[in-house]
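Here is the file work_24.txt (compact mmCIF, C-alpha atoms and all ligand atoms).
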```
# COMPACT_ATOMS: atom_id res chain seq x y z
CA MET A 1 106.08 143.29 69.02
CA PRO A 2 102.69 145.08 68.90
CA GLU A 3 102.30 148.58 70.38
CA GLY A 4 100.82 148.33 73.85
CA PHE A 5 98.91 145.91 76.06
CA ALA A 6 96.62 146.30 79.04
CA ILE A 7 98.25 143.43 80.97
CA THR A 8 101.62 141.80 80.36
CA VAL A 9 102.37 138.43 81.94
CA VAL A 10 106.05 137.46 82.22
CA GLY A 11 106.52 133.68 81.85
CA ALA A 12 104.44 130.99 80.17
CA GLY A 13 104.74 128.22 82.73
CA VAL A 14 101.59 126.69 84.19
CA VAL A 15 100.93 129.83 86.26
CA GLY A 16 101.41 132.29 83.36
CA CYS A 17 99.18 130.17 81.08
CA ALA A 18 96.47 129.81 83.73
CA LEU A 19 96.59 133.57 84.30
CA ALA A 20 96.35 134.31 80.60
CA LEU A 21 93.21 132.16 80.40
CA GLU A 22 91.63 133.70 83.49
CA LEU A 23 92.30 137.28 82.37
CA ALA A 24 91.45 136.77 78.68
CA ARG A 25 88.10 135.23 79.67
CA GLU A 26 87.39 138.44 81.58
CA GLY A 27 87.86 140.30 78.30
CA GLU A 28 91.29 141.71 79.25
CA GLU A 29 93.85 142.36 76.56
CA VAL A 30 96.75 140.10 77.64
CA VAL A 31 100.18 139.33 76.24
CA VAL A 32 102.40 136.58 77.69
CA LEU A 33 106.14 136.90 77.12
CA GLU A 34 108.23 133.75 77.27
CA MET A 35 111.98 133.48 76.79
CA ASN A 36 111.87 129.75 75.92
CA PRO A 37 111.31 128.63 72.30
CA GLY A 38 107.63 127.95 73.01
CA VAL A 39 105.06 127.04 75.61
CA SER A 40 105.81 123.54 76.99
CA ARG A 41 109.12 123.68 75.12
CA GLY A 42 112.28 124.33 77.04
CA GLU A 43 113.26 124.18 80.64
CA ASN A 44 111.12 125.45 83.46
CA GLN A 45 109.46 124.12 86.60
CA SER A 46 106.22 123.27 84.81
CA SER A 47 107.93 120.91 82.37
CA ARG A 48 109.96 119.00 84.98
CA ASN A 49 108.04 118.12 88.11
CA SER A 50 106.47 115.10 89.83
CA GLY A 51 102.99 115.72 88.43
CA VAL A 52 101.33 115.18 91.80
CA ILE A 53 98.01 116.82 92.57
CA HIS A 54 98.56 117.61 96.23
CA ALA A 55 95.74 117.35 98.75
CA GLY A 56 96.98 120.24 100.95
CA LEU A 57 98.31 118.31 103.94
CA TYR A 58 101.69 119.95 104.38
CA TYR A 59 101.01 123.66 104.74
CA ASP A 60 100.17 125.26 108.07
CA GLN A 61 98.00 128.36 108.30
CA GLU A 62 100.61 130.28 110.27
CA THR A 63 103.76 130.06 108.14
CA ARG A 64 102.32 129.04 104.75
CA PRO A 65 98.80 130.49 104.53
CA LEU A 66 98.88 131.02 100.74
CA LYS A 67 100.04 127.47 100.05
CA ALA A 68 97.48 126.11 102.55
CA ALA A 69 94.55 127.95 100.99
CA LEU A 70 95.45 127.79 97.31
CA CYS A 71 96.57 124.17 97.28
CA VAL A 72 93.25 122.92 98.66
CA LYS A 73 91.27 125.21 96.37
CA GLY A 74 93.54 124.47 93.40
CA ASN A 75 93.13 120.73 93.93
CA ARG A 76 89.34 120.98 93.49
CA ILE A 77 89.48 123.35 90.51
CA LEU A 78 92.19 121.31 88.78
CA TYR A 79 90.23 118.03 88.82
CA ARG A 80 87.17 119.81 87.41
CA PHE A 81 89.27 121.51 84.72
CA CYS A 82 90.97 118.25 83.69
CA GLU A 83 87.67 116.42 83.49
CA ARG A 84 86.03 119.17 81.45
CA TYR A 85 88.87 119.53 78.95
CA GLY A 86 90.15 115.95 78.76
CA VAL A 87 93.53 116.60 80.40
CA PRO A 88 94.96 113.28 81.66
CA ALA A 89 94.57 113.19 85.46
CA LEU A 90 93.65 110.50 87.99
CA ARG A 91 92.53 110.73 91.61
CA THR A 92 94.89 107.97 92.77
CA GLY A 93 94.91 108.82 96.46
CA LYS A 94 98.06 109.04 98.55
CA LEU A 95 99.63 107.28 101.51
CA VAL A 96 102.00 109.18 103.78
CA VAL A 97 103.73 106.40 105.66
CA ALA A 98 105.40 106.14 109.06
CA THR A 99 107.92 103.38 109.63
CA ASN A 100 108.74 103.97 113.30
CA ARG A 101 107.22 105.40 116.48
CA GLU A 102 108.69 108.89 116.04
CA GLU A 103 107.24 109.15 112.53
CA CYS A 104 103.87 107.93 113.85
CA SER A 105 103.71 110.89 116.25
CA THR A 106 104.71 113.26 113.41
CA LEU A 107 101.82 111.83 111.37
CA ASP A 108 99.46 112.54 114.26
CA ARG A 109 100.43 116.22 114.03
CA TYR A 110 99.87 116.22 110.28
CA LEU A 111 96.48 114.60 110.77
CA GLY A 112 95.51 117.64 112.87
CA ARG A 113 96.84 119.99 110.21
CA ALA A 114 94.93 118.23 107.43
CA LEU A 115 91.72 118.59 109.42
CA GLU A 116 92.47 122.29 110.03
CA ASN A 117 92.92 122.75 106.26
CA ASN A 118 89.67 120.87 105.48
CA VAL A 119 91.61 118.15 103.66
CA PRO A 120 89.86 114.73 103.58
CA VAL A 121 92.10 112.36 105.58
CA ARG A 122 92.12 109.10 107.51
CA MET A 123 94.73 107.35 109.66
CA LEU A 124 95.43 103.74 108.62
CA ASN A 125 97.09 101.00 110.67
CA ARG A 126 99.68 98.53 109.35
CA GLU A 127 97.13 96.03 108.00
CA GLN A 128 94.99 98.71 106.38
CA VAL A 129 98.06 100.11 104.57
CA ARG A 130 98.58 96.69 102.98
CA GLU A 131 94.99 96.63 101.78
CA TYR A 132 95.68 99.79 99.76
CA GLU A 133 99.25 99.04 98.63
CA PRO A 134 100.17 95.40 99.36
CA ARG A 135 103.91 95.93 98.70
CA VAL A 136 104.24 98.93 101.02
CA ARG A 137 105.43 98.35 104.59
CA ALA A 138 104.50 100.86 107.28
CA GLU A 139 103.47 101.04 110.93
CA ALA A 140 100.77 103.56 110.02
CA ALA A 141 99.85 105.92 107.20
CA LEU A 142 97.69 108.90 106.44
CA LEU A 143 95.32 108.22 103.59
CA LEU A 144 94.59 111.29 101.44
CA PRO A 145 91.93 110.33 98.89
CA SER A 146 91.98 113.71 97.10
CA SER A 147 95.63 113.44 96.03
CA GLY A 148 96.29 112.35 92.45
CA ILE A 149 98.39 112.78 89.34
CA VAL A 150 98.19 114.95 86.24
CA ASP A 151 100.13 115.14 82.98
CA PRO A 152 101.85 118.54 83.47
CA ALA A 153 102.72 119.09 79.79
CA ALA A 154 99.16 118.31 78.66
CA LEU A 155 97.80 120.70 81.32
CA VAL A 156 100.05 123.57 80.25
CA HIS A 157 99.26 122.96 76.62
CA LYS A 158 95.50 122.95 77.20
CA LEU A 159 95.69 126.19 79.22
CA TYR A 160 97.74 127.77 76.43
CA ALA A 161 95.32 126.62 73.71
CA LEU A 162 92.24 127.85 75.60
CA ALA A 163 93.89 131.17 76.50
CA SER A 164 94.90 131.72 72.87
CA SER A 165 91.32 131.00 71.73
CA ALA A 166 90.07 133.48 74.35
CA GLY A 167 92.28 136.17 72.81
CA ALA A 168 95.53 136.08 74.83
CA GLN A 169 98.70 136.58 72.78
CA PHE A 170 101.78 134.50 73.46
CA VAL A 171 105.17 135.71 72.28
CA SER A 172 108.02 133.21 72.70
CA GLU A 173 111.79 133.63 72.42
CA THR A 174 111.29 137.05 73.99
CA GLU A 175 113.04 137.75 77.25
CA VAL A 176 112.01 140.63 79.49
CA VAL A 177 115.23 142.47 80.35
CA GLY A 178 113.99 145.72 81.87
CA ILE A 179 110.85 147.34 83.29
CA SER A 180 110.51 151.04 84.00
CA SER A 181 107.68 153.18 85.30
CA LEU A 182 106.00 155.68 83.01
CA THR A 183 103.41 158.26 83.99
CA GLU A 184 100.87 156.11 82.17
CA GLY A 185 101.75 152.45 82.72
CA LEU A 186 105.09 150.67 82.41
CA GLU A 187 107.72 150.31 79.71
CA VAL A 188 108.81 146.72 79.11
CA LYS A 189 112.18 146.15 77.44
CA VAL A 190 112.66 142.85 75.68
CA ARG A 191 115.44 140.92 73.98
CA TYR A 192 114.62 138.60 71.07
CA ARG A 193 116.40 135.36 70.20
CA ASP A 194 118.63 137.06 67.61
CA GLY A 195 119.86 139.53 70.26
CA ALA A 196 117.83 142.47 68.94
CA GLU A 197 116.06 144.54 71.57
CA GLY A 198 112.73 146.35 71.62
CA SER A 199 110.27 147.88 74.04
CA PHE A 200 106.54 148.46 74.44
CA SER A 201 104.17 149.91 76.96
CA THR A 202 101.72 148.10 79.19
CA GLY A 203 99.15 149.18 81.74
CA ARG A 204 99.97 146.47 84.27
CA LEU A 205 102.37 143.57 84.58
CA VAL A 206 102.30 140.24 86.38
CA ASN A 207 105.63 138.64 87.15
CA SER A 208 105.19 134.85 86.97
CA ALA A 209 108.77 134.20 85.89
CA GLY A 210 109.31 131.10 88.04
CA LEU A 211 113.02 130.59 88.72
CA TYR A 212 113.75 134.16 87.59
CA CYS A 213 110.95 135.88 89.53
CA ASP A 214 113.39 137.65 91.87
CA ARG A 215 115.34 139.11 88.94
CA VAL A 216 112.17 140.39 87.27
CA ALA A 217 111.05 141.90 90.61
CA ARG A 218 114.38 143.76 90.83
CA MET A 219 113.86 145.22 87.34
CA VAL A 220 110.99 147.23 88.82
CA ASP A 221 112.43 147.65 92.31
CA PRO A 222 116.22 147.23 92.69
CA ALA A 223 115.68 147.10 96.48
CA SER A 224 113.42 144.03 96.30
CA PRO A 225 114.67 141.76 99.14
CA TYR A 226 113.58 138.41 97.70
CA ARG A 227 116.14 135.86 96.47
CA VAL A 228 115.57 132.52 94.77
CA ASP A 229 117.69 129.69 96.13
CA PRO A 230 117.25 127.16 93.27
CA LEU A 231 116.68 123.63 94.52
CA ARG A 232 117.49 120.79 92.13
CA GLY A 233 115.32 117.70 92.52
CA GLU A 234 116.41 114.50 90.76
CA ALA A 235 114.12 111.58 90.01
CA MET A 236 114.70 107.95 89.07
CA LYS A 237 112.05 105.58 87.74
CA PHE A 238 111.16 101.87 87.72
CA TYR A 239 108.56 99.72 85.93
CA ARG A 240 105.90 98.39 88.30
CA THR A 241 105.13 95.63 85.77
CA ARG A 242 108.67 94.22 85.70
CA ARG A 243 108.56 92.00 88.82
CA PRO A 244 105.75 91.01 91.21
CA GLU A 245 107.59 92.71 94.12
CA LEU A 246 107.29 96.02 92.26
CA SER A 247 103.59 95.81 91.45
CA MET A 248 101.76 98.79 92.87
CA SER A 249 98.07 99.51 92.71
CA GLY A 250 98.92 103.08 91.63
CA MET A 251 98.87 105.37 94.68
CA ASN A 252 101.25 108.16 95.52
CA VAL A 253 103.36 106.87 98.41
CA TYR A 254 105.25 109.44 100.48
CA PRO A 255 107.46 109.14 103.55
CA THR A 256 106.76 111.21 106.68
CA PRO A 257 107.72 114.83 105.94
CA ARG A 258 110.75 116.25 107.72
CA LYS A 259 112.90 119.34 108.12
CA VAL A 260 116.33 119.70 106.53
CA ILE A 261 118.98 122.06 107.88
CA THR A 262 121.28 123.73 105.31
CA ASP A 263 123.64 126.74 105.29
CA GLN A 264 120.78 128.79 103.80
CA GLY A 265 118.31 127.95 106.56
CA VAL A 266 115.88 125.27 107.69
CA TYR A 267 113.69 123.79 104.96
CA PHE A 268 110.87 121.38 104.98
CA THR A 269 110.79 118.42 102.56
CA VAL A 270 108.01 116.05 101.58
CA GLY A 271 110.74 113.45 101.00
CA VAL A 272 111.54 111.04 98.18
CA HIS A 273 108.28 109.47 97.09
CA LEU A 274 106.81 106.92 94.69
CA THR A 275 104.56 108.48 92.07
CA PRO A 276 102.72 106.63 89.31
CA THR A 277 102.55 108.14 85.83
CA LEU A 278 99.93 108.29 83.09
CA ASP A 279 99.97 106.72 79.64
CA THR A 280 98.03 108.43 76.85
CA ASP A 281 97.24 106.84 73.47
CA LEU A 282 96.90 108.59 70.12
CA GLN A 283 93.14 109.06 70.66
CA GLY A 284 93.83 110.90 73.93
CA ASN A 285 92.58 108.04 76.14
CA PHE A 286 94.65 107.75 79.27
CA SER A 287 95.29 105.18 81.98
CA LEU A 288 97.78 104.38 84.69
CA GLY A 289 101.15 103.64 83.06
CA PRO A 290 103.82 101.11 84.05
CA VAL A 291 106.38 103.75 85.10
CA VAL A 292 106.68 104.83 88.73
CA THR A 293 108.97 107.76 89.53
CA VAL A 294 111.15 107.89 92.63
CA GLY A 295 112.12 111.39 93.71
CA PRO A 296 112.84 114.16 94.11
CA LEU A 297 116.21 113.71 95.78
CA ASN A 298 117.14 117.32 96.37
CA ARG A 299 120.40 119.21 96.34
CA GLN A 300 121.28 122.86 95.87
CA ALA A 301 121.33 123.62 92.12
CA ARG A 302 124.67 124.82 90.71
CA SER A 303 122.72 127.38 88.69
CA ARG A 304 119.16 128.08 87.55
CA GLY A 305 119.92 126.11 84.39
CA ASP A 306 121.33 123.03 86.13
CA PHE A 307 118.94 120.58 84.41
CA GLY A 308 121.55 118.17 83.01
CA GLY A 309 122.82 114.72 84.04
CA GLY A 310 125.19 114.05 86.92
CA PHE A 311 122.57 112.43 89.13
CA GLN A 312 123.28 111.46 92.72
CA PRO A 313 124.10 107.74 93.12
CA VAL A 314 121.27 105.24 92.65
CA ARG A 315 121.93 103.86 96.13
CA GLU A 316 120.89 107.23 97.64
CA PHE A 317 117.45 107.01 95.97
CA HIS A 318 117.15 103.39 97.00
CA LYS A 319 118.10 104.19 100.58
CA GLN A 320 115.31 106.78 100.84
CA VAL A 321 112.47 104.42 99.86
CA CYS A 322 113.55 100.83 100.59
CA GLY A 323 112.35 101.14 104.20
CA PHE A 324 108.72 101.38 103.09
CA PHE A 325 109.04 99.70 99.68
CA PRO A 326 111.35 96.73 100.40
CA GLY A 327 110.79 94.91 97.08
CA LEU A 328 112.75 97.57 95.17
CA ARG A 329 116.36 96.79 94.23
CA GLU A 330 118.98 99.30 93.13
CA GLU A 331 119.16 97.67 89.69
CA ASP A 332 115.42 98.39 89.13
CA LEU A 333 116.15 102.12 89.07
CA GLU A 334 117.15 104.24 86.08
CA PRO A 335 117.43 108.02 85.65
CA HIS A 336 114.19 109.86 84.91
CA GLN A 337 114.69 113.65 85.03
CA ALA A 338 115.97 116.61 87.04
CA GLY A 339 113.91 119.71 87.80
CA ILE A 340 114.63 122.92 89.67
CA GLN A 341 112.29 124.58 92.15
CA SER A 342 111.99 128.33 92.65
CA ARG A 343 112.46 128.22 96.41
CA LEU A 344 112.80 131.54 98.21
CA VAL A 345 115.53 132.15 100.77
CA ALA A 346 114.02 132.36 104.28
CA ASN A 347 110.40 132.39 103.05
CA PRO A 348 108.48 129.14 103.38
CA ASP A 349 105.36 130.53 101.67
CA TRP A 350 104.76 132.01 98.23
CA VAL A 351 104.96 135.81 98.24
CA PHE A 352 102.36 137.64 96.16
CA GLU A 353 102.71 141.41 96.37
CA PHE A 354 102.34 144.58 94.36
CA SER A 355 105.82 146.01 93.89
CA PRO A 356 106.42 148.74 96.49
CA ALA A 357 108.21 150.70 93.73
CA ASP A 358 105.26 150.54 91.31
CA PRO A 359 101.94 148.95 92.30
CA ARG A 360 101.07 148.37 88.65
CA CYS A 361 103.45 145.41 88.83
CA LEU A 362 102.26 142.31 90.70
CA ASN A 363 105.05 139.91 91.73
CA LEU A 364 104.32 136.21 92.19
CA LEU A 365 107.46 135.07 93.98
CA GLY A 366 108.82 131.65 94.87
CA ILE A 367 106.10 129.49 93.34
CA ASP A 368 107.65 126.15 94.20
CA SER A 369 105.59 123.05 95.01
CA PRO A 370 102.54 122.83 95.17
CA GLY A 371 102.44 125.40 92.34
CA LEU A 372 101.24 122.88 89.75
CA THR A 373 98.30 121.95 91.96
CA GLY A 374 97.63 125.56 92.89
CA ALA A 375 98.03 127.20 89.45
CA LEU A 376 94.34 127.61 88.61
CA ALA A 377 93.57 128.92 92.11
CA ILE A 378 96.53 131.31 91.90
CA ALA A 379 95.14 132.62 88.60
CA ARG A 380 91.75 133.26 90.22
CA TRP A 381 93.46 134.97 93.16
CA VAL A 382 95.30 137.28 90.76
CA ARG A 383 92.15 138.04 88.79
CA THR A 384 90.20 139.03 91.92
CA THR A 385 93.14 140.95 93.38
CA MET A 386 93.88 142.88 90.19
CA LEU A 387 90.46 143.29 88.68
CA GLY A 388 88.25 143.08 91.77
C1 LIG B 401 111.34 118.62 90.80
C2 LIG B 401 110.02 119.32 91.00
C3 LIG B 401 108.91 118.61 91.43
C4 LIG B 401 107.69 119.26 91.63
N1 LIG B 401 106.59 118.52 91.94
C5 LIG B 401 105.39 119.12 92.06
C6 LIG B 401 104.22 118.35 92.28
O1 LIG B 401 104.28 117.12 92.31
N2 LIG B 401 103.04 119.00 92.46
C7 LIG B 401 102.94 120.36 92.44
O2 LIG B 401 101.85 120.88 92.64
N3 LIG B 401 104.03 121.13 92.16
C8 LIG B 401 105.23 120.54 91.96
N4 LIG B 401 106.34 121.27 91.65
C9 LIG B 401 106.21 122.73 91.57
C10 LIG B 401 105.62 123.17 90.25
O3 LIG B 401 106.23 122.51 89.17
C11 LIG B 401 105.81 124.69 90.14
O4 LIG B 401 105.33 125.31 91.30
C12 LIG B 401 105.08 125.28 88.95
O5 LIG B 401 105.40 124.57 87.77
C13 LIG B 401 105.44 126.76 88.82
O6 LIG B 401 104.98 127.24 87.60
P1 LIG B 401 105.38 128.69 87.12
O7 LIG B 401 104.59 128.98 85.91
O8 LIG B 401 105.27 129.63 88.29
O9 LIG B 401 106.95 128.64 86.83
P2 LIG B 401 107.74 128.02 85.60
O10 LIG B 401 107.16 126.76 85.12
O11 LIG B 401 109.18 127.98 86.02
O12 LIG B 401 107.55 129.10 84.44
C14 LIG B 401 108.14 130.37 84.48
C15 LIG B 401 108.42 130.79 83.04
O13 LIG B 401 108.93 132.11 83.04
C16 LIG B 401 109.86 132.23 81.97
N5 LIG B 401 110.71 133.39 82.25
C17 LIG B 401 111.52 133.60 83.31
N6 LIG B 401 112.11 134.80 83.23
C18 LIG B 401 111.67 135.37 82.09
C19 LIG B 401 111.95 136.62 81.46
N7 LIG B 401 112.79 137.51 81.99
N8 LIG B 401 111.35 136.90 80.27
C20 LIG B 401 110.48 135.99 79.70
N9 LIG B 401 110.20 134.78 80.27
C21 LIG B 401 110.77 134.48 81.45
C22 LIG B 401 110.62 130.91 82.04
O14 LIG B 401 111.27 130.62 80.83
C23 LIG B 401 109.50 129.93 82.38
O15 LIG B 401 108.97 129.32 81.22
C24 LIG B 401 107.57 120.66 91.42
C25 LIG B 401 108.69 121.37 90.95
C26 LIG B 401 109.89 120.71 90.72
C27 LIG B 401 111.04 121.47 90.15
```
How would this structure read if it were set down as structure tokens?
Ligand SMILES: Cc1cc2nc3c(=O)[nH]c(=O)nc-3n(C[C@H](O)[C@H](O)[C@H](O)COP(=O)(O)OP(=O)(O)OC[C@H]3O[C@@H](n4cnc5c(N)ncnc54)[C@H](O)[C@@H]3O)c2cc1C
Amino acid sequence: MPEGFAITVVGAGVVGCALALELAREGEEVVVLEMNPGVSRGENQSSRNSGVIHAGLYYDQETRPLKAALCVKGNRILYRFCERYGVPALRTGKLVVATNREECSTLDRYLGRALENNVPVRMLNREQVREYEPRVRAEAALLLPSSGIVDPAALVHKLYALASSAGAQFVSETEVVGISSLTEGLEVKVRYRDGAEGSFSTGRLVNSAGLYCDRVARMVDPASPYRVDPLRGEAMKFYRTRRPELSMSGMNVYPTPRKVITDQGVYFTVGVHLTPTLDTDLQGNFSLGPVVTVGPLNRQARSRGDFGGGFQPVREFHKQVCGFFPGLREEDLEPHQAGIQSRLVANPDWVFEFSPADPRCLNLLGIDSPGLTGALAIARWVRTTMLG
């Protein structure tokens, strides 16, 4: 490990990589520490998500102002970035469907919220829904043309490659295990893969440790009140080319969002949705692929490493979507993947704050969805907040 760095970033997920690029382009000396074997290798949120570019519909200004602002901004920056650097992404559009009268009135409220957030939106009636997705059945739907899909692994890899070229250093298999304040800067203690430990000094530190962000925050400030309540989201998949009843034109199709009440509190969910995927050939050309994912079906994760099998029954996935996608049969579905979100207990928004114990440490806490969409906007926010 080299001697000292101006800025240390903890975690090389999509947020850490975007930050490294943003800061290195400003001429800052940046090191990114990652405990996984490499960037895009190993388990984190950025490698196991739905790959949806959100429009910014769901987040109200009052309880989720950061998500509201940075999702909409991130959406615009992300499309531009993907186009410029050839990262597979498509502006597929999205339907948020209502299948009964109660859901229709919920959609009316979300229409108002979308307009408040400056998100392009239109209400569709039953016939218009069919014009967009002939196999989808709904009484009404919100059409969000700025929603889309991106290849998350390709995005992370491109950010990493550009950040490295701009001078950022990435050190993998290196876990941050302690942070203490010095008169000049901070001391960062690390553990390498072979168990050996080391330390180095840094001027400032950004905690973008995803599922472990609360633990890293407590290394600087043992009194930090934030706790991650890891949320496991499982996804199945089907092939839209397998039967005519499954053929989709390639939009994201979501149910009406709803609240879920658990022992830990009341949470909001976007629901189990249909999301198309991208196919990329060896030349890097991409197009809409045959696979459509169905998820996430959420449950509390047993641990922060609960990425393995043991999916909920297929019938549960089917039950969630058959109301608006009646052509789907249980036997069309097969397991796709499980991911875990860094959801904060009792905090619906992301929390970005300088540690009260040492303001040279900036904590980015609870970056759950729409963190993939918002990553480039989050990086800009950090750059302006830290560097002015
Ligand atoms: C099932 C699921 C579906 C989702 N769908 C969407 C979607 O469709 N659209 C969307 O916009 N968002 C979505 N998200 C959210 C999105 O994936 C995350 O918000 C985003 O990936 C967060 O990135 P990150 O870099 O903050 O965290 P992560 O990707 O989790 O990266 C954090 C990194 O920090 C490293 N780390 C942790 N602790 C340490 C330590 N002590 N020392 C060194 N390294 C450390 C970890 O190994 C990890 O690599 C979804 C998430 C899940 C789980």
>> Neighbouring residues of ligand LIG 401 (chain B) are defined here as those with any atom at most 7 Å from a ligand atom, counting all atoms listed in the file; list them as an NGL selection string.
In response: :A and (10-16 or 33-36 or 43-54 or 174-177 or 208-213 or 216 or 232-234 or 296 or 338-341 or 367-374)
Would you pick out the contacts of range 106-118 of chain A at 8 Å or less, using all atoms listed in the file, so that residues sharing its chain but fewer than 6 positions from it are not included, and give the list as a PDB file with C-alpha atoms, in the coordinates of the input?
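That gives us result-v8.pdb:
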```pdb
ATOM      1  CA  GLY A  56      96.980 120.240 100.950  1.00  0.00           C
ATOM      2  CA  LEU A  57      98.310 118.310 103.940  1.00  0.00           C
ATOM      3  CA  TYR A  58     101.690 119.950 104.380  1.00  0.00           C
ATOM      4  CA  TYR A  59     101.010 123.660 104.740  1.00  0.00           C
ATOM      5  CA  ASP A  60     100.170 125.260 108.070  1.00  0.00           C
ATOM      6  CA  GLN A  61      98.000 128.360 108.300  1.00  0.00           C
ATOM      7  CA  ALA A  68      97.480 126.110 102.550  1.00  0.00           C
ATOM      8  CA  ALA A  69      94.550 127.950 100.990  1.00  0.00           C
ATOM      9  CA  VAL A  72      93.250 122.920  98.660  1.00  0.00           C
ATOM     10  CA  ALA A  98     105.400 106.140 109.060  1.00  0.00           C
ATOM     11  CA  ALA A 141      99.850 105.920 107.200  1.00  0.00           C
ATOM     12  CA  LEU A 142      97.690 108.900 106.440  1.00  0.00           C
ATOM     13  CA  THR A 256     106.760 111.210 106.680  1.00  0.00           C
TER      14      THR A 256
END
```
> Can you list, as JSON, numbers by chain, every protein, DNA or RNA residue that comes within 9 Å of Glu184 in chain A when you count all atoms listed in the file, leaving out same-chain residues fewer than 6 positions away?
Replying inline: {"A": [201, 202, 203]}
Next, dump the selected residues to file, keeping only C-alpha atoms, as a CSV table (one decimal), keeping the file's coordinate frame.
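What ended up in part-v4.csv:
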```csv
chain,number,residue,atom,x,y,z
A,201,SER,CA,104.2,149.9,77.0
A,202,THR,CA,101.7,148.1,79.2
A,203,GLY,CA,99.2,149.2,81.7
```
> Between A:Val119, A:Ala161, A:Ile7, A:Ala377, which one has atoms that come closest to Glu187 in chain A, using only C-alpha atoms?
Replying inline: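 Comparing A:Val119, A:Ala161, A:Ile7, A:Ala377 against Glu187 in chain A, the winner is A:Ile7.
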Using only the atoms of range 169-174 of chain A listed in the file, plus 8 Å on each side, state the axis-aligned box centre and edge lengths in Å rounded to one decimal, as AutoDock Vina command-line options.
```
--center_x 105.2 --center_y 135.1 --center_z 73.1 --size_x 29.1 --size_y 19.8 --size_z 17.7
```
> Any idea what the distance is between CA of Leu144 in chain A and CA of Lys94 in chain A?
Replying inline: 5.0 Å
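Here the selection is built from all atoms listed in the file, and the residues within 8 Å of (101.1, 122.9, 72.3) turn out to be Val39, Ser40, His157, Lys158, Tyr160 and Ala161 of chain A.
Counting all atoms listed in the file and comparing A:Gly42, A:Leu278, A:Glu131, A:Thr99, the residue that lies closest to Gly305 in chain A is A:Gly42.
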> Pick the closest to Gly366 in chain A from A:Ala24, A:Ala196, A:Leu95, A:Val345: which is it, counting all atoms listed in the file?
Replying inline: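 The closest residue to Gly366 in chain A is A:Val345.
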> When you draw a straight line from CA of Asp332 in chain A to CA of Val136 in chain A, how long is it in Å?
Replying inline: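 Going from CA of Asp332 in chain A over to CA of Val136 in chain A covers 16.3 Å.
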>> Residues near Met251 in chain A, anyone? I mean within 9 Å using only C-alpha atoms, not counting same-chain ones fewer than 6 positions away, as a ChimeraX atom specification.
In response: /A:91-95,132-133,147-148,274-276
>> Under the rule that only C-alpha atoms are counted, which of A:Asp279, A:Glu127, A:Glu330, A:Asp263 is the nearest residue to Val150 in chain A?
In response: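 Checking each candidate against Val150 in chain A, we get A:Asp279 as the closest.
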> Using all atoms listed in the file, which residues sit within 7 Å of Phe200 in chain A once same-chain residues fewer than 5 positions away are excluded, as a list in words?
Replying inline: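 Counting all atoms listed in the file, the residues come to Glu3, Gly4, Glu187, Val188 and Lys189 of chain A.
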> To one decimal place, how far is CA of Met123 in chain A from CA of Arg258 in chain A in Å?
Replying inline: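 Atom-to-atom, CA of Met123 in chain A to CA of Arg258 in chain A, that is 18.4 Å.
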>> If we count only C-alpha atoms and set the cut-off at 10 Å, which residues sit around Leu162 in chain A, ignoring sequence neighbours fewer than 6 positions away in its own chain? Please answer as an MDAnalysis selection string.
In response: chainID A and resid 17:18 20:22 24:25 85 168
> Pick the closest to Asn363 in chain A from A:Asp214, A:Gly271, A:Ala163, A:His336: which is it, counting all atoms listed in the file?
Replying inline: A:Asp214
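At a cut-off of 12 Å from (112.4, 99.1, 104.8), the residue set is Val97, Ala98, Thr99, Asn100, Arg135, Val136, Arg137, Ala138, Glu139, Pro255, His318, Lys319, Gln320, Val321, Cys322, Gly323, Phe324, Phe325, Pro326, Gly327, Leu328 and Arg329 of chain A (counting all atoms listed in the file).
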>> Could you check the closest approach to Met386 in chain A for each of A:Leu19, A:Leu282, A:Leu333, A:Met219 and tell me which residue wins, using all atoms listed in the file?
In response: A:Leu19
Output range 197-203 of chain A as a PDB file, in the frame of the given file, making sure N, CA and C atoms are there.
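Heads up, here's the output in rebuild-v8.pdb:
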```pdb
ATOM      1  N   GLU A 197     116.854 144.117  70.409  1.00  0.00           N
ATOM      2  CA  GLU A 197     116.060 144.540  71.570  1.00  0.00           C
ATOM      3  C   GLU A 197     114.894 145.416  71.118  1.00  0.00           C
ATOM      4  N   GLY A 198     113.883 145.505  71.933  1.00  0.00           N
ATOM      5  CA  GLY A 198     112.730 146.350  71.620  1.00  0.00           C
ATOM      6  C   GLY A 198     112.048 146.739  72.920  1.00  0.00           C
ATOM      7  N   SER A 199     111.015 147.539  72.828  1.00  0.00           N
ATOM      8  CA  SER A 199     110.270 147.880  74.040  1.00  0.00           C
ATOM      9  C   SER A 199     108.818 148.197  73.668  1.00  0.00           C
ATOM     10  N   PHE A 200     107.940 148.102  74.646  1.00  0.00           N
ATOM     11  CA  PHE A 200     106.540 148.460  74.440  1.00  0.00           C
ATOM     12  C   PHE A 200     105.945 148.873  75.765  1.00  0.00           C
ATOM     13  N   SER A 201     104.773 149.458  75.712  1.00  0.00           N
ATOM     14  CA  SER A 201     104.170 149.910  76.960  1.00  0.00           C
ATOM     15  C   SER A 201     103.028 148.988  77.368  1.00  0.00           C
ATOM     16  N   THR A 202     102.799 148.938  78.671  1.00  0.00           N
ATOM     17  CA  THR A 202     101.720 148.100  79.190  1.00  0.00           C
ATOM     18  C   THR A 202     101.097 148.803  80.394  1.00  0.00           C
ATOM     19  N   GLY A 203      99.814 148.551  80.600  1.00  0.00           N
ATOM     20  CA  GLY A 203      99.150 149.180  81.740  1.00  0.00           C
ATOM     21  C   GLY A 203      99.594 148.557  83.050  1.00  0.00           C
TER      22      GLY A 203
END
```
